[in-house]
>>> print(open('model30.cif').read())   # mmCIF, C-alpha atoms
data_my_file
loop_
_atom_site.group_PDB
_atom_site.id
_atom_site.type_symbol
_atom_site.label_atom_id
_atom_site.label_comp_id
_atom_site.auth_asym_id
_atom_site.auth_seq_id
_atom_site.Cartn_x
_atom_site.Cartn_y
_atom_site.Cartn_z
ATOM 1 C CA PRO S 235 -36.949 -0.675 -18.119
ATOM 2 C CA PRO S 236 -38.940 -1.717 -21.203
ATOM 3 C CA LEU S 237 -42.696 -2.043 -21.488
ATOM 4 C CA GLN S 238 -42.439 -5.786 -20.848
ATOM 5 C CA ALA S 239 -41.320 -5.041 -17.281
ATOM 6 C CA ALA S 240 -44.481 -3.026 -16.633
ATOM 7 C CA LEU S 241 -46.669 -5.764 -18.113
ATOM 8 C CA ALA S 242 -44.994 -8.387 -15.920
ATOM 9 C CA ASP S 243 -45.924 -6.421 -12.769
ATOM 10 C CA TRP S 244 -48.877 -4.349 -13.937
ATOM 11 C CA ASP S 245 -50.339 -3.587 -10.508
ATOM 12 C CA TYR S 246 -47.040 -1.917 -9.610
ATOM 13 C CA GLY S 247 -46.098 -0.397 -12.961
ATOM 14 C CA ALA S 248 -49.438 0.880 -14.278
ATOM 15 C CA PRO S 249 -50.081 3.417 -11.473
ATOM 16 C CA GLN S 250 -46.599 4.880 -11.943
ATOM 17 C CA LEU S 251 -47.103 5.175 -15.688
ATOM 18 C CA GLY S 252 -50.506 6.745 -15.052
ATOM 19 C CA GLN S 253 -48.974 9.333 -12.760
ATOM 20 C CA LEU S 254 -46.300 10.182 -15.326
ATOM 21 C CA TYR S 255 -49.011 10.465 -17.994
ATOM 22 C CA THR S 256 -50.923 12.960 -15.849
ATOM 23 C CA GLU S 257 -47.805 15.003 -15.128
ATOM 24 C CA LEU S 258 -46.845 15.196 -18.784
ATOM 25 C CA ASN S 259 -50.333 16.393 -19.748
ATOM 26 C CA ASP S 260 -50.640 18.929 -16.919
ATOM 27 C CA ARG S 261 -47.151 20.408 -17.037
ATOM 28 C CA PRO S 262 -44.514 18.809 -19.264
ATOM 29 C CA PRO S 263 -41.233 18.547 -17.360
ATOM 30 C CA PRO S 264 -37.892 19.424 -18.963
ATOM 31 C CA ARG S 265 -37.383 15.789 -19.987
ATOM 32 C CA ALA S 266 -40.393 15.935 -22.347
ATOM 33 C CA PHE S 267 -39.443 15.795 -26.039
ATOM 34 C CA GLU S 268 -40.968 15.939 -29.501
ATOM 35 C CA LEU S 269 -41.963 12.459 -30.626
ATOM 36 C CA ASP S 270 -40.394 11.190 -33.846
ATOM 37 C CA PRO S 271 -42.047 7.861 -34.742
ATOM 38 C CA ALA S 272 -39.164 7.037 -37.071
ATOM 39 C CA GLN S 273 -36.910 6.697 -34.024
ATOM 40 C CA LEU S 274 -39.233 4.307 -32.197
ATOM 41 C CA MET S 275 -39.010 0.561 -32.075
ATOM 42 C CA ALA S 276 -42.252 -1.392 -31.711
ATOM 43 C CA PRO S 277 -43.898 -1.045 -28.265
ATOM 44 C CA LEU S 278 -42.934 -4.704 -27.790
ATOM 45 C CA PRO S 279 -40.073 -5.454 -30.185
ATOM 46 C CA ARG S 280 -39.685 -8.929 -28.680
ATOM 47 C CA ALA S 281 -42.974 -10.265 -27.341
ATOM 48 C CA HIS S 282 -43.319 -13.573 -25.551
ATOM 49 C CA GLN S 283 -46.100 -14.705 -27.846
ATOM 50 C CA PHE S 284 -48.247 -13.636 -30.810
ATOM 51 C CA ALA S 285 -51.458 -15.547 -31.486
ATOM 52 C CA ASP S 286 -53.280 -14.273 -34.564
ATOM 53 C CA ALA S 287 -56.901 -15.106 -35.286
ATOM 54 C CA SER S 288 -59.332 -14.704 -38.172
ATOM 55 C CA SER S 289 -62.303 -13.192 -36.380
ATOM 56 C CA PHE S 290 -63.892 -11.301 -39.287
ATOM 57 C CA LEU S 291 -65.599 -14.148 -41.122
ATOM 58 C CA VAL S 292 -66.476 -12.006 -44.133
ATOM 59 C CA HIS S 293 -62.747 -11.938 -44.937
ATOM 60 C CA ALA S 294 -62.551 -15.728 -45.092
ATOM 61 C CA GLU S 295 -65.901 -16.000 -46.881
ATOM 62 C CA LEU S 296 -64.818 -13.575 -49.592
ATOM 63 C CA ILE S 297 -61.540 -15.376 -50.231
ATOM 64 C CA ARG S 298 -63.194 -18.793 -50.310
ATOM 65 C CA LYS S 299 -65.996 -17.549 -52.552
ATOM 66 C CA SER S 300 -63.471 -16.266 -55.107
ATOM 67 C CA ARG S 301 -62.095 -19.829 -55.185
ATOM 68 C CA LYS S 302 -65.608 -21.287 -55.496
ATOM 69 C CA GLN S 303 -65.337 -22.815 -52.040
ATOM 70 C CA GLU S 304 -67.631 -22.690 -49.024
ATOM 71 C CA ILE S 305 -66.411 -22.098 -45.484
ATOM 72 C CA PRO S 306 -66.781 -25.048 -43.093
ATOM 73 C CA SER S 307 -69.737 -24.681 -40.723
ATOM 74 C CA TRP S 308 -67.499 -24.878 -37.632
ATOM 75 C CA TRP S 309 -65.754 -21.627 -38.625
ATOM 76 C CA LYS S 310 -68.820 -19.787 -37.340
ATOM 77 C CA SER S 311 -68.494 -21.218 -33.835
ATOM 78 C CA GLU S 312 -64.773 -21.878 -33.299
ATOM 79 C CA PRO S 313 -62.014 -19.294 -33.887
ATOM 80 C CA MET S 314 -59.145 -19.983 -36.246
ATOM 81 C CA MET S 315 -55.782 -19.080 -34.720
ATOM 82 C CA TYR S 316 -52.099 -19.624 -35.445
ATOM 83 C CA GLN S 317 -48.833 -18.846 -33.666
ATOM 84 C CA GLY S 318 -47.181 -15.895 -35.411
ATOM 85 C CA CYS S 319 -43.704 -14.372 -35.353
ATOM 86 C CA SER S 320 -43.281 -12.346 -32.155
ATOM 87 C CA ASP S 321 -39.513 -11.761 -32.279
ATOM 88 C CA PRO S 322 -39.068 -9.313 -33.795
ATOM 89 C CA PHE S 323 -42.046 -7.040 -34.174
ATOM 90 C CA LEU S 324 -41.173 -4.241 -36.576
ATOM 91 C CA GLY S 325 -41.402 -0.583 -35.656
ATOM 92 C CA ALA S 326 -44.076 1.488 -37.353
ATOM 93 C CA ARG S 327 -41.581 3.037 -39.794
ATOM 94 C CA ASP S 328 -39.442 -0.046 -40.417
ATOM 95 C CA ASP S 329 -39.331 -1.391 -43.972
ATOM 96 C CA ILE S 330 -41.125 -4.561 -44.985
ATOM 97 C CA VAL S 331 -38.116 -6.538 -46.214
ATOM 98 C CA ALA S 332 -39.032 -9.310 -48.651
ATOM 99 C CA ALA S 333 -36.643 -11.747 -50.299
ATOM 100 C CA SER S 334 -38.474 -11.460 -53.630
ATOM 101 C CA GLU S 335 -41.319 -9.519 -55.218
ATOM 102 C CA ASP S 336 -42.651 -12.843 -56.486
ATOM 103 C CA LEU S 337 -43.768 -13.946 -53.015
ATOM 104 C CA GLY S 338 -47.125 -12.144 -53.155
ATOM 105 C CA ILE S 339 -46.334 -9.483 -50.535
ATOM 106 C CA ASP S 340 -49.477 -8.306 -48.767
ATOM 107 C CA LEU S 341 -50.505 -6.208 -45.788
ATOM 108 C CA GLU S 342 -53.233 -7.140 -43.308
ATOM 109 C CA ALA S 343 -54.642 -4.313 -41.190
ATOM 110 C CA GLU S 344 -55.546 -5.585 -37.724
ATOM 111 C CA ILE S 345 -56.207 -4.652 -34.110
ATOM 112 C CA ALA S 346 -54.336 -6.522 -31.379
ATOM 113 C CA VAL S 347 -54.654 -6.620 -27.616
ATOM 114 C CA VAL S 348 -51.741 -7.132 -25.231
ATOM 115 C CA THR S 349 -52.545 -9.257 -22.201
ATOM 116 C CA GLY S 350 -51.256 -9.619 -18.695
ATOM 117 C CA ASP S 351 -50.735 -13.109 -17.311
ATOM 118 C CA VAL S 352 -53.728 -15.256 -18.319
ATOM 119 C CA PRO S 353 -54.232 -18.533 -16.414
ATOM 120 C CA MET S 354 -54.932 -21.661 -18.416
ATOM 121 C CA GLY S 355 -58.631 -22.323 -18.767
ATOM 122 C CA THR S 356 -59.726 -18.691 -18.339
ATOM 123 C CA ALA S 357 -63.372 -18.347 -19.416
ATOM 124 C CA ARG S 358 -64.504 -15.587 -21.741
ATOM 125 C CA ASP S 359 -66.460 -13.751 -19.033
ATOM 126 C CA LYS S 360 -63.166 -13.341 -17.130
ATOM 127 C CA ALA S 361 -60.849 -12.913 -20.114
ATOM 128 C CA ALA S 362 -61.389 -9.203 -20.839
ATOM 129 C CA ALA S 363 -60.013 -8.321 -17.386
ATOM 130 C CA HIS S 364 -56.588 -9.484 -18.603
ATOM 131 C CA ILE S 365 -56.415 -6.969 -21.483
ATOM 132 C CA ARG S 366 -53.779 -4.352 -20.686
ATOM 133 C CA LEU S 367 -53.143 -2.530 -23.959
ATOM 134 C CA ILE S 368 -54.456 -2.158 -27.500
ATOM 135 C CA VAL S 369 -52.271 -1.648 -30.566
ATOM 136 C CA LEU S 370 -52.550 -1.548 -34.367
ATOM 137 C CA LEU S 371 -50.909 -4.333 -36.340
ATOM 138 C CA ASN S 372 -49.779 -4.886 -39.921
ATOM 139 C CA ASP S 373 -49.693 -8.652 -40.280
ATOM 140 C CA VAL S 374 -47.448 -9.032 -43.329
ATOM 141 C CA SER S 375 -48.281 -12.069 -45.460
ATOM 142 C CA LEU S 376 -46.512 -13.723 -48.379
ATOM 143 C CA ARG S 377 -49.545 -14.989 -50.244
ATOM 144 C CA ASN S 378 -47.729 -17.149 -52.784
ATOM 145 C CA LEU S 379 -46.291 -19.276 -49.988
ATOM 146 C CA VAL S 380 -49.506 -19.694 -47.991
ATOM 147 C CA GLY S 381 -51.081 -22.429 -50.115
ATOM 148 C CA LYS S 382 -47.983 -24.606 -50.135
ATOM 149 C CA GLU S 383 -47.624 -24.377 -46.372
ATOM 150 C CA LEU S 384 -51.275 -25.152 -45.687
ATOM 151 C CA GLU S 385 -51.019 -28.241 -47.896
ATOM 152 C CA LYS S 386 -48.345 -29.573 -45.528
ATOM 153 C CA GLY S 387 -50.864 -29.529 -42.678
ATOM 154 C CA PHE S 388 -48.582 -27.716 -40.207
ATOM 155 C CA GLY S 389 -49.789 -24.159 -40.776
ATOM 156 C CA PHE S 390 -48.009 -20.880 -41.476
ATOM 157 C CA PHE S 391 -44.289 -20.305 -41.060
ATOM 158 C CA GLN S 392 -42.350 -18.958 -44.059
ATOM 159 C CA SER S 393 -45.448 -17.175 -45.327
ATOM 160 C CA LYS S 394 -45.685 -15.045 -42.158
ATOM 161 C CA PRO S 395 -42.586 -12.829 -41.765
ATOM 162 C CA PRO S 396 -42.314 -10.175 -39.010
ATOM 163 C CA SER S 397 -45.352 -7.941 -38.530
ATOM 164 C CA ALA S 398 -45.309 -4.264 -37.553
ATOM 165 C CA LEU S 399 -46.937 -2.508 -34.595
ATOM 166 C CA SER S 400 -48.191 1.075 -34.356
ATOM 167 C CA PRO S 401 -45.849 3.587 -32.674
ATOM 168 C CA VAL S 402 -48.007 3.663 -29.548
ATOM 169 C CA ALA S 403 -49.953 1.062 -27.584
ATOM 170 C CA VAL S 404 -52.768 2.574 -25.503
ATOM 171 C CA THR S 405 -54.683 1.537 -22.420
ATOM 172 C CA PRO S 406 -58.318 0.723 -23.256
ATOM 173 C CA ASP S 407 -59.672 3.801 -21.442
ATOM 174 C CA GLU S 408 -58.021 6.020 -24.094
ATOM 175 C CA LEU S 409 -60.644 4.778 -26.572
ATOM 176 C CA GLY S 410 -63.541 6.006 -24.444
ATOM 177 C CA ALA S 411 -66.955 4.850 -25.666
ATOM 178 C CA ALA S 412 -65.350 3.240 -28.730
ATOM 179 C CA TRP S 413 -64.142 0.389 -26.484
ATOM 180 C CA ASP S 414 -66.931 -1.836 -25.155
ATOM 181 C CA GLY S 415 -64.567 -4.145 -23.294
ATOM 182 C CA LYS S 416 -64.366 -6.635 -26.157
ATOM 183 C CA ARG S 417 -64.246 -4.707 -29.465
ATOM 184 C CA VAL S 418 -62.948 -1.399 -30.854
ATOM 185 C CA HIS S 419 -65.782 0.469 -32.573
ATOM 186 C CA LEU S 420 -63.804 2.771 -34.858
ATOM 187 C CA PRO S 421 -62.804 2.695 -38.538
ATOM 188 C CA LEU S 422 -59.330 1.525 -39.479
ATOM 189 C CA ARG S 423 -57.945 3.432 -42.475
ATOM 190 C CA ILE S 424 -55.645 1.626 -44.906
ATOM 191 C CA GLU S 425 -53.726 3.283 -47.745
ATOM 192 C CA VAL S 426 -51.422 1.791 -50.369
ATOM 193 C CA ASN S 427 -49.168 4.208 -52.240
ATOM 194 C CA GLY S 428 -51.235 7.095 -50.908
ATOM 195 C CA GLU S 429 -54.548 5.742 -52.226
ATOM 196 C CA LEU S 430 -57.354 4.507 -49.982
ATOM 197 C CA LEU S 431 -57.687 0.720 -49.924
ATOM 198 C CA GLY S 432 -60.333 0.566 -47.219
ATOM 199 C CA GLU S 433 -61.749 2.028 -44.042
ATOM 200 C CA PRO S 434 -63.629 -0.844 -42.372
ATOM 201 C CA ASN S 435 -65.007 -0.460 -38.860
ATOM 202 C CA ALA S 436 -63.154 -2.721 -36.423
ATOM 203 C CA GLY S 437 -66.213 -3.165 -34.211
ATOM 204 C CA LYS S 438 -68.606 -4.378 -36.897
ATOM 205 C CA ASP S 439 -68.848 -7.961 -38.138
ATOM 206 C CA MET S 440 -66.261 -9.250 -35.647
ATOM 207 C CA GLN S 441 -67.552 -12.777 -35.160
ATOM 208 C CA PHE S 442 -65.223 -13.546 -32.246
ATOM 209 C CA HIS S 443 -64.478 -10.669 -29.859
ATOM 210 C CA PHE S 444 -61.194 -10.393 -27.974
ATOM 211 C CA ALA S 445 -62.481 -12.052 -24.804
ATOM 212 C CA ARG S 446 -63.481 -15.079 -26.870
ATOM 213 C CA LEU S 447 -60.085 -15.111 -28.598
ATOM 214 C CA ILE S 448 -58.250 -14.994 -25.264
ATOM 215 C CA GLU S 449 -60.405 -17.850 -23.980
ATOM 216 C CA HIS S 450 -59.497 -19.866 -27.070
ATOM 217 C CA ALA S 451 -55.766 -19.134 -26.797
ATOM 218 C CA ALA S 452 -55.659 -20.011 -23.091
ATOM 219 C CA ALA S 453 -57.732 -23.188 -23.329
ATOM 220 C CA THR S 454 -54.763 -25.534 -22.868
ATOM 221 C CA ARG S 455 -51.889 -23.222 -21.865
ATOM 222 C CA PRO S 456 -51.290 -20.133 -19.735
ATOM 223 C CA LEU S 457 -50.511 -16.914 -21.603
ATOM 224 C CA PRO S 458 -47.554 -14.928 -20.246
ATOM 225 C CA ALA S 459 -47.821 -11.182 -19.718
ATOM 226 C CA GLY S 460 -46.976 -9.476 -22.989
ATOM 227 C CA THR S 461 -48.896 -11.900 -25.220
ATOM 228 C CA LEU S 462 -50.455 -10.288 -28.302
ATOM 229 C CA ILE S 463 -53.793 -11.533 -29.625
ATOM 230 C CA GLY S 464 -54.540 -10.349 -33.169
ATOM 231 C CA SER S 465 -58.011 -9.856 -34.610
ATOM 232 C CA GLY S 466 -57.199 -10.938 -38.137
ATOM 233 C CA THR S 467 -57.868 -8.703 -41.140
ATOM 234 C CA VAL S 468 -60.521 -6.121 -40.258
ATOM 235 C CA SER S 469 -63.322 -6.480 -42.784
ATOM 236 C CA ASN S 470 -66.995 -5.480 -43.113
ATOM 237 C CA ARG S 471 -69.887 -7.070 -44.957
ATOM 238 C CA ASP S 472 -70.675 -3.665 -46.391
ATOM 239 C CA ARG S 473 -68.065 -3.745 -49.147
ATOM 240 C CA LYS S 474 -68.375 0.006 -49.618
ATOM 241 C CA THR S 475 -65.951 0.299 -46.679
ATOM 242 C CA GLY S 476 -63.260 -1.245 -48.867
ATOM 243 C CA ALA S 477 -60.678 -3.912 -48.128
ATOM 244 C CA GLY S 478 -58.361 -4.598 -45.211
ATOM 245 C CA CYS S 479 -55.750 -6.286 -47.418
ATOM 246 C CA LEU S 480 -54.894 -6.632 -51.096
ATOM 247 C CA PHE S 481 -56.010 -10.260 -51.097
ATOM 248 C CA GLU S 482 -59.576 -9.107 -50.428
ATOM 249 C CA ARG S 483 -59.439 -6.537 -53.232
ATOM 250 C CA ARG S 484 -58.196 -9.206 -55.622
ATOM 251 C CA ALA S 485 -60.968 -11.593 -54.527
ATOM 252 C CA GLU S 486 -63.580 -8.909 -55.262
ATOM 253 C CA GLU S 487 -62.102 -8.425 -58.717
ATOM 254 C CA ILE S 488 -62.170 -12.154 -59.415
ATOM 255 C CA LEU S 489 -65.839 -12.315 -58.420
ATOM 256 C CA GLU S 490 -66.710 -9.274 -60.542
ATOM 257 C CA ALA S 491 -64.535 -9.755 -63.635
ATOM 258 C CA GLY S 492 -63.150 -13.286 -63.432
ATOM 259 C CA GLU S 493 -59.561 -12.245 -62.716
ATOM 260 C CA ALA S 494 -57.564 -10.089 -60.324
ATOM 261 C CA ALA S 495 -56.224 -6.767 -61.598
ATOM 262 C CA THR S 496 -54.673 -5.383 -58.402
ATOM 263 C CA PRO S 497 -51.050 -6.477 -57.920
ATOM 264 C CA PHE S 498 -49.521 -7.436 -54.614
ATOM 265 C CA LEU S 499 -46.895 -5.121 -53.127
ATOM 266 C CA GLY S 500 -43.571 -4.572 -54.835
ATOM 267 C CA TYR S 501 -40.307 -2.895 -53.886
ATOM 268 C CA GLY S 502 -40.837 0.808 -53.262
ATOM 269 C CA ASP S 503 -44.555 0.499 -52.523
ATOM 270 C CA THR S 504 -45.833 2.117 -49.336
ATOM 271 C CA VAL S 505 -48.451 1.148 -46.766
ATOM 272 C CA LYS S 506 -50.193 3.307 -44.165
ATOM 273 C CA ILE S 507 -52.520 2.081 -41.412
ATOM 274 C CA GLU S 508 -54.051 4.353 -38.784
ATOM 275 C CA MET S 509 -57.091 4.813 -36.547
ATOM 276 C CA ARG S 510 -58.499 8.116 -35.320
ATOM 277 C CA ASP S 511 -61.039 8.924 -32.635
ATOM 278 C CA ALA S 512 -64.537 10.329 -33.227
ATOM 279 C CA GLU S 513 -63.129 13.879 -33.343
ATOM 280 C CA GLY S 514 -60.447 12.936 -35.873
ATOM 281 C CA GLY S 515 -57.562 12.926 -33.406
ATOM 282 C CA PRO S 516 -54.781 10.331 -33.641
ATOM 283 C CA LEU S 517 -54.884 7.412 -31.210
ATOM 284 C CA PHE S 518 -51.998 5.061 -31.954
ATOM 285 C CA GLY S 519 -49.985 7.033 -34.464
ATOM 286 C CA ALA S 520 -49.687 5.545 -37.947
ATOM 287 C CA ILE S 521 -47.938 2.481 -39.321
ATOM 288 C CA GLU S 522 -46.115 3.791 -42.403
ATOM 289 C CA GLN S 523 -43.920 1.239 -44.151
ATOM 290 C CA LYS S 524 -42.087 0.837 -47.435
ATOM 291 C CA VAL S 525 -41.408 -2.503 -49.113
ATOM 292 C CA SER S 526 -37.724 -3.104 -49.764
ATOM 293 C CA ALA S 527 -35.283 -5.769 -50.890
ATOM 294 C CA PRO S 528 -32.795 -7.345 -48.477
ATOM 295 C CA ALA S 529 -29.648 -5.274 -47.932
#
>>> encode(input="model30.cif", output="structure tokens")
Amino acid sequence: PPLQAALADWDYGAPQLGQLYTELNDRPPPRAFELDPAQLMAPLPRAHQFADASSFLVHAELIRKSRKQEIPSWWKSEPMMYQGCSDPFLGARDDIVAASEDLGIDLEAEIAVVTGDVPMGTARDKAAAHIRLIVLLNDVSLRNLVGKELEKGFGFFQSKPPSALSPVAVTPDELGAAWDGKRVHLPLRIEVNGELLGEPNAGKDMQFHFARLIEHAAATRPLPAGTLIGSGTVSNRDRKTGAGCLFERRAEEILEAGEAATPFLGYGDTVKIEMRDAEGGPLFGAIEQKVSAPA
């Protein structure tokens, strides 16, 4: 059965998956095969829920500063979160299909955790125990629709089409010392058309860690097993690490030169997002997408 079945009964499914993992590493059986990420769907192509946050405040501060706006004081103490599109999640090699190049097509490189069942009212000191898996996420945004939707007061909908997940979701122990139970302390590399956009560290400058985000999401509702909680665009105060999305790069250009020079994505453009361990080995595989027009 699919991954959702294991998440729904983790105490039963996880040990069996762990045993299979050990067997495959020790002595691959005849059913082992070469992995072709292009043939994979997302780890959870239809998730019960996707709650995306904005936990790297420097991202919001940079955007607001380019508009000559200050961030509200409560942003530093209360997470921002919206309900994203969870059906479908795109596979790591699926195209980003956009109705028009005029929509301001952007990537957002994020980390997401996948939870088990989380009871309503779970406190942050208990929340991390409900994290089952970690995955990379490209939260696709249509920037030219965002402002109009926010003006309506009901939040994102048309401006947030399907996002993509990395080929593989891993259990937290796979990250070793890079996982402190609440944050992933590794750089996230982002490329656009083969050129480096940024390599911010996902563990630095994360104002609200994943336990806090789970607490926020579960404050008034239970979270079903298979819920994804996104970190928001990974971004560092040290701007030498680059940008986690094109919107940030454009904001930097506005602050430096008065106008943005970097275009948003167009048809044929490519995006790559990946994270490697301290020795340079792959962890999740890479999200590698091309922007395309509707068929």
>>> residues_around(input="model30.cif", residues="region 474-483 of chain S", least_positions_apart="2", cutoff="7 Å", atoms="only C-alpha atoms", output="NGL selection string")
:S and (293 or 296-297 or 340-343 or 424 or 431-434 or 467-470 or 472 or 485-487 or 498)
>>> resolve_selection(input="model30.cif", expression="the PyMOL selection byres ((chain S and resi 436) around 10)", output="PyMOL selection string")
chain S and resi 290+343-345+412+417-422+433-435+437-440+465+467-470+509
>>> resolve_selection(input="model30.cif", expression="the PyMOL selection byres ((chain S and resi 239-245) around 12)", output="VMD selection string")
chain S and resid 235 to 238 246 to 252 277 to 278 281 to 282 348 to 352 364 to 367 405 457 to 462
>>> resolve_selection(input="model30.cif", expression="the PyMOL selection byres ((chain S and resi 337) around 7)", output="ChimeraX atom specification")
/S:334-336,338-339,376-379
>>> closest_residue(input="model30.cif", among="S:Asp328, S:Glu508, S:Glu425, S:Glu304", to="Leu274 (chain S)", atoms="only C-alpha atoms")
S:Asp328
>>> atom_distance(input="model30.cif", atom1="CA of Ser393 (chain S)", atom2="CA of Gly381 (chain S)")
9.1 Å
>>> closest_residue(input="model30.cif", among="S:Ser400, S:Ser289, S:Thr356, S:Ser526", to="Leu324 (chain S)", atoms="only C-alpha atoms")
S:Ser400
>>> closest_residue(input="model30.cif", among="S:Ile463, S:Ser300, S:Val331, S:Gln441", to="Ala362 (chain S)", atoms="only C-alpha atoms")
S:Ile463
>>> residues_around(input="model30.cif", residues="region 511-522 of chain S", least_positions_apart="5", cutoff="6 Å", atoms="all atoms listed in the file", output="ChimeraX atom specification")
/S:326-327,400-402,505-506
>>> write_last_selection(input="model30.cif", atoms="C-alpha atoms", output="PDB file, keeping the file's coordinate frame")
ATOM      1  CA  ALA S 326     -44.076   1.488 -37.353  1.00  0.00           C
ATOM      2  CA  ARG S 327     -41.581   3.037 -39.794  1.00  0.00           C
ATOM      3  CA  SER S 400     -48.191   1.075 -34.356  1.00  0.00           C
ATOM      4  CA  PRO S 401     -45.849   3.587 -32.674  1.00  0.00           C
ATOM      5  CA  VAL S 402     -48.007   3.663 -29.548  1.00  0.00           C
ATOM      6  CA  VAL S 505     -48.451   1.148 -46.766  1.00  0.00           C
ATOM      7  CA  LYS S 506     -50.193   3.307 -44.165  1.00  0.00           C
TER       8      LYS S 506
END
>>> decode(input="model30.cif", residues="region 319-325 of chain S", atoms="all heavy atoms", output="compact mmCIF listing (two decimals), in the first residue's frame")
# COMPACT_ATOMS: atom_id res chain seq x y z
N CYS S 319 -2.30 23.82 -1.16
CA CYS S 319 -2.85 22.76 -2.02
C CYS S 319 -2.12 21.46 -1.72
O CYS S 319 -0.91 21.36 -1.91
CB CYS S 319 -2.67 23.15 -3.48
SG CYS S 319 -3.14 21.88 -4.67
N SER S 320 -2.85 20.45 -1.26
CA SER S 320 -2.24 19.17 -0.91
C SER S 320 -2.65 18.04 -1.85
O SER S 320 -2.21 16.90 -1.69
CB SER S 320 -2.60 18.78 0.54
OG SER S 320 -4.00 18.60 0.68
N ASP S 321 -3.49 18.34 -2.83
CA ASP S 321 -3.95 17.33 -3.77
C ASP S 321 -4.11 17.98 -5.14
O ASP S 321 -5.09 18.69 -5.39
CB ASP S 321 -5.28 16.73 -3.30
CG ASP S 321 -5.79 15.62 -4.21
OD1 ASP S 321 -5.08 15.27 -5.18
OD2 ASP S 321 -6.90 15.12 -3.97
N PRO S 322 -3.09 17.84 -6.03
CA PRO S 322 -1.95 16.93 -5.86
C PRO S 322 -0.71 17.64 -5.33
O PRO S 322 -0.63 18.87 -5.34
CB PRO S 322 -1.69 16.49 -7.30
CG PRO S 322 -1.98 17.74 -8.10
CD PRO S 322 -3.16 18.39 -7.40
N PHE S 323 0.26 16.85 -4.89
CA PHE S 323 1.65 17.28 -4.79
C PHE S 323 2.35 16.74 -6.03
O PHE S 323 2.17 15.58 -6.41
CB PHE S 323 2.33 16.73 -3.53
CG PHE S 323 2.16 17.60 -2.32
CD1 PHE S 323 1.42 17.18 -1.23
CD2 PHE S 323 2.76 18.85 -2.27
CE1 PHE S 323 1.26 17.98 -0.12
CE2 PHE S 323 2.60 19.67 -1.16
CZ PHE S 323 1.86 19.23 -0.08
N LEU S 324 3.15 17.57 -6.66
CA LEU S 324 3.87 17.16 -7.86
C LEU S 324 5.08 16.29 -7.52
O LEU S 324 5.68 16.44 -6.45
CB LEU S 324 4.35 18.39 -8.64
CG LEU S 324 3.29 19.40 -9.07
CD1 LEU S 324 3.95 20.59 -9.76
CD2 LEU S 324 2.25 18.75 -9.97
N GLY S 325 5.41 15.39 -8.42
CA GLY S 325 6.65 14.64 -8.30
C GLY S 325 7.84 15.54 -8.56
O GLY S 325 7.71 16.62 -9.15
